[in-house]
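Asker: Questions regarding the structure given below will be posed in turn.
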Amino acid sequence: MATSSSSVSLLLISSLLLASLNEAKPSGPIVSGLSWTFYQKSCPNLESIVRKQLQKVFKKDIGQAAGLLRLHFHDCFVQGCDGSVLLEGSAAGPGEQQSIPNLTLRKQAFEIINDLRARVHKKCGRVVSCSDIVVLAARDSVVLSGGPDYDVPLGRRDGLGFATVNATLANLPPPFGNTTVILNSFGSKNLNAKETVALSGGHTIGISHCPAFTSRLYPTQDPTMDKTFAQNLKKACPTANSNNTTVLDIRSPNVFDNKYYVDLMNRQGLFTSDQDLYTDKRTRGIVTSFAVDQKLFFDEFAKAMIKMSQLSVLTGNQGEVRANCSVRNANNENFLASVVEEAVEEPGVWAGFM
Ligand code: HEM
């Protein structure tokens with residue numbers, strides 16, 4: 001059937017309208033020092049450099065999108081979104097990267113961030129921080145996997161040190177934590193139940209290694225897990241400590257959509273921290289609302305990501321703009337840096353996993 005030009009333009013207008021509706025518009029106050037137009041003069045092509053390069057990277061391996069999204073979460077929950085997770089351990093001792101939850105961050109995620117940094121600095125000079133590049137890479141990972149597009153405020157500065165192994169453990173929630181543990185963890189970052197459930201939807205893409213969930217299979221099977229799902233997981237992970245991996249969202253593992261919530265409603269969530277969101281009556285209704293309405297999920301996810309991306313950020317003259325995302329500038333210039341001293345925090349809820 002031939003399509004008339006007027007119906008083509010109607011289609012165009014309505015899809016443009018839809019696209020603009022899909023984009024979470026900047027709303028509400030942002031942290032002082034950040035701005036929606038921070039690099040407009042100093043690096044006007046920043047966002048297109050990052051997106052174009054990531055398009056190429058994901059064309060080869062879409063799994064890298066999941067790695068970058070998780071990297072952003074782990075950066076922000078430990079010492080704020082300051083790029084501290086990117087810093088390699090120093091002579092002074094191990095740091096964030098050596099902490100259990102960070103051992104499964106993808107090596108390539110760090111390489112991709114450093115490569116983006118090199119491309120951006122080549123065009124604009126050393127004006128864009130590594131922490132901002134992590135935020136943009138996470139946003140583009142969501143968009144390029146099929147999720148919502150949204151603007152992010154920029155202007156973060158990079159931290160001068162990383163958190164200790166124990167502080168890292170204390171700030172990242174464990175996969176075997178129930179909803180109380182997860183709500184407490186996110187609550188301590190001022191994120192409410194709706195934001196917590198929305199952000200957990202990040203598990204609509206990517207993979208996990210067996211030890212993060214095999215306590216639900218061995219020695220006894222978690223009764224809240226679908227039986228066939230459990231049988232298949234046992235095949236993927238023949239022993240509790242197997243180093244194999246499996247997908248987080250069995251329905252559409254590489255697509256950013258709301259199927260993660262459909263999984264939970266079918267008792268096919270991989271981690272206790274996922275599945276319990278549907279078991280617990282405080283969060284069950286939120287899970288259902290996202291499972292039946294992808295647009296609602298996308299809107300809430302984008303808003304919660306913008307909020308998470310502003311946790312304890314450094315701005316203005318604080319911190320620095322790193323020349324190499326893996327080391328602070330002083331180290332680059334052969335100064336000996338010391339690990340940031342923090343009150344020693346206990347591993348807490350992770351204790352049983354060590
Ligand atoms: C609710 C608390 C959370 C817990 C307990 C948790 C835990 C985990 C664990 C254990 C893995 C598997 C790591 C592995 O074994 O390779 C994982 C993967 C992942 N997480 Fe989370 N996570 C949480 C929240 C989040 C949030 C808020 C996001 C982002 C918005 C996120 C994004 C991801 C992604 C994308 C992956 C896949 C990574 C990959 O494929 O490399 N997670 N998470």
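So you can find residues: chains in the structure tokens are A, B, ... in the order shown, residues in each start at 1, and ligands are numbered from 1 in order.
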Looking only at strand (DSSP E) from DSSP on the backbone, list the matching residues of region 90-277 of chain A as a PyMOL selection string.
Answerer: chain A and resi 207-209+245-247
Asker: Find the residues near Asn329 (chain A): any atom within 8 Å, counting only C-alpha atoms, skip ones fewer than 6 places away on the same chain, and give them as a PyMOL selection string.
Answerer: chain A and resi 320+322-323
Asker: Mind checking which residues fall within 6 Å of Leu277 (chain A), counting only C-alpha atoms, ignoring those fewer than 4 positions away in the same chain, and posting them as an MDAnalysis selection string?
Answerer: chainID A and resid 179 283:284
Asker: For Thr168 (chain A), find every residue with an atom within 7 Å (counting only C-alpha atoms), except residues of its own chain fewer than 3 positions away, and show them as a PDB file with N, CA and C atoms, in the first residue's frame.
Answerer:
```pdb
ATOM      1  N   VAL A  78      29.969   4.285  46.228  1.00  0.00           N
ATOM      2  CA  VAL A  78      31.138   4.290  47.107  1.00  0.00           C
ATOM      3  C   VAL A  78      31.838   5.643  46.981  1.00  0.00           C
ATOM      4  N   GLU A  96      39.255   0.192  46.158  1.00  0.00           N
ATOM      5  CA  GLU A  96      37.923  -0.222  45.722  1.00  0.00           C
ATOM      6  C   GLU A  96      37.961  -1.398  44.756  1.00  0.00           C
ATOM      7  N   SER A  99      37.978  -4.905  46.174  1.00  0.00           N
ATOM      8  CA  SER A  99      36.869  -5.325  47.025  1.00  0.00           C
ATOM      9  C   SER A  99      35.978  -6.325  46.267  1.00  0.00           C
ATOM     10  N   ALA A 163      38.227   4.599  48.174  1.00  0.00           N
ATOM     11  CA  ALA A 163      37.781   4.086  49.467  1.00  0.00           C
ATOM     12  C   ALA A 163      38.522   2.797  49.792  1.00  0.00           C
ATOM     13  N   THR A 164      38.517   2.438  51.060  1.00  0.00           N
ATOM     14  CA  THR A 164      39.151   1.187  51.475  1.00  0.00           C
ATOM     15  C   THR A 164      38.285   0.002  51.029  1.00  0.00           C
ATOM     16  N   VAL A 165      38.882  -1.181  51.090  1.00  0.00           N
ATOM     17  CA  VAL A 165      38.162  -2.401  50.734  1.00  0.00           C
ATOM     18  C   VAL A 165      36.901  -2.538  51.592  1.00  0.00           C
ATOM     19  N   ASN A 171      29.317  -0.184  51.465  1.00  0.00           N
ATOM     20  CA  ASN A 171      28.447   0.691  50.682  1.00  0.00           C
ATOM     21  C   ASN A 171      27.730   0.023  49.517  1.00  0.00           C
ATOM     22  N   LEU A 172      28.231  -1.143  49.088  1.00  0.00           N
ATOM     23  CA  LEU A 172      27.567  -1.834  47.975  1.00  0.00           C
ATOM     24  C   LEU A 172      26.697  -2.966  48.528  1.00  0.00           C
TER      25      LEU A 172
END
```
Asker: Would you write out, as CSV, a table of all residues in chain A that have an atom no more than 6 Å from an atom of ligand 1, listing for each the closest atom pair and the distance in Å to one decimal, considering only C-alpha atoms and all ligand atoms and ordering rows by chain and rising residue number?
Answerer:
```
residue,atom,partner,partner_atom_place_in_ligand_line,distance
A:Ala66,CA,ligand 1,35 (C),3.8
A:Gly67,CA,ligand 1,41 (O),3.8
A:Leu69,CA,ligand 1,35 (C),5.0
A:Arg70,CA,ligand 1,32 (C),4.1
A:Phe73,CA,ligand 1,29 (C),5.2
A:Thr104,CA,ligand 1,16 (O),4.6
A:Arg106,CA,ligand 1,41 (O),5.6
A:Pro173,CA,ligand 1,5 (C),4.8
A:Pro174,CA,ligand 1,5 (C),4.2
A:Pro175,CA,ligand 1,5 (C),3.6
A:Ile182,CA,ligand 1,1 (C),5.8
A:Leu199,CA,ligand 1,27 (C),4.3
A:Ser200,CA,ligand 1,27 (C),4.8
A:Gly202,CA,ligand 1,30 (C),4.2
A:His203,CA,ligand 1,33 (C),5.1
A:Ile205,CA,ligand 1,35 (C),5.4
A:Gly206,CA,ligand 1,40 (O),3.3
A:Ile207,CA,ligand 1,40 (O),3.9
A:Ser208,CA,ligand 1,14 (C),3.7
A:His209,CA,ligand 1,15 (O),3.6
A:Ala212,CA,ligand 1,10 (C),5.0
A:Ser273,CA,ligand 1,5 (C),5.5
```
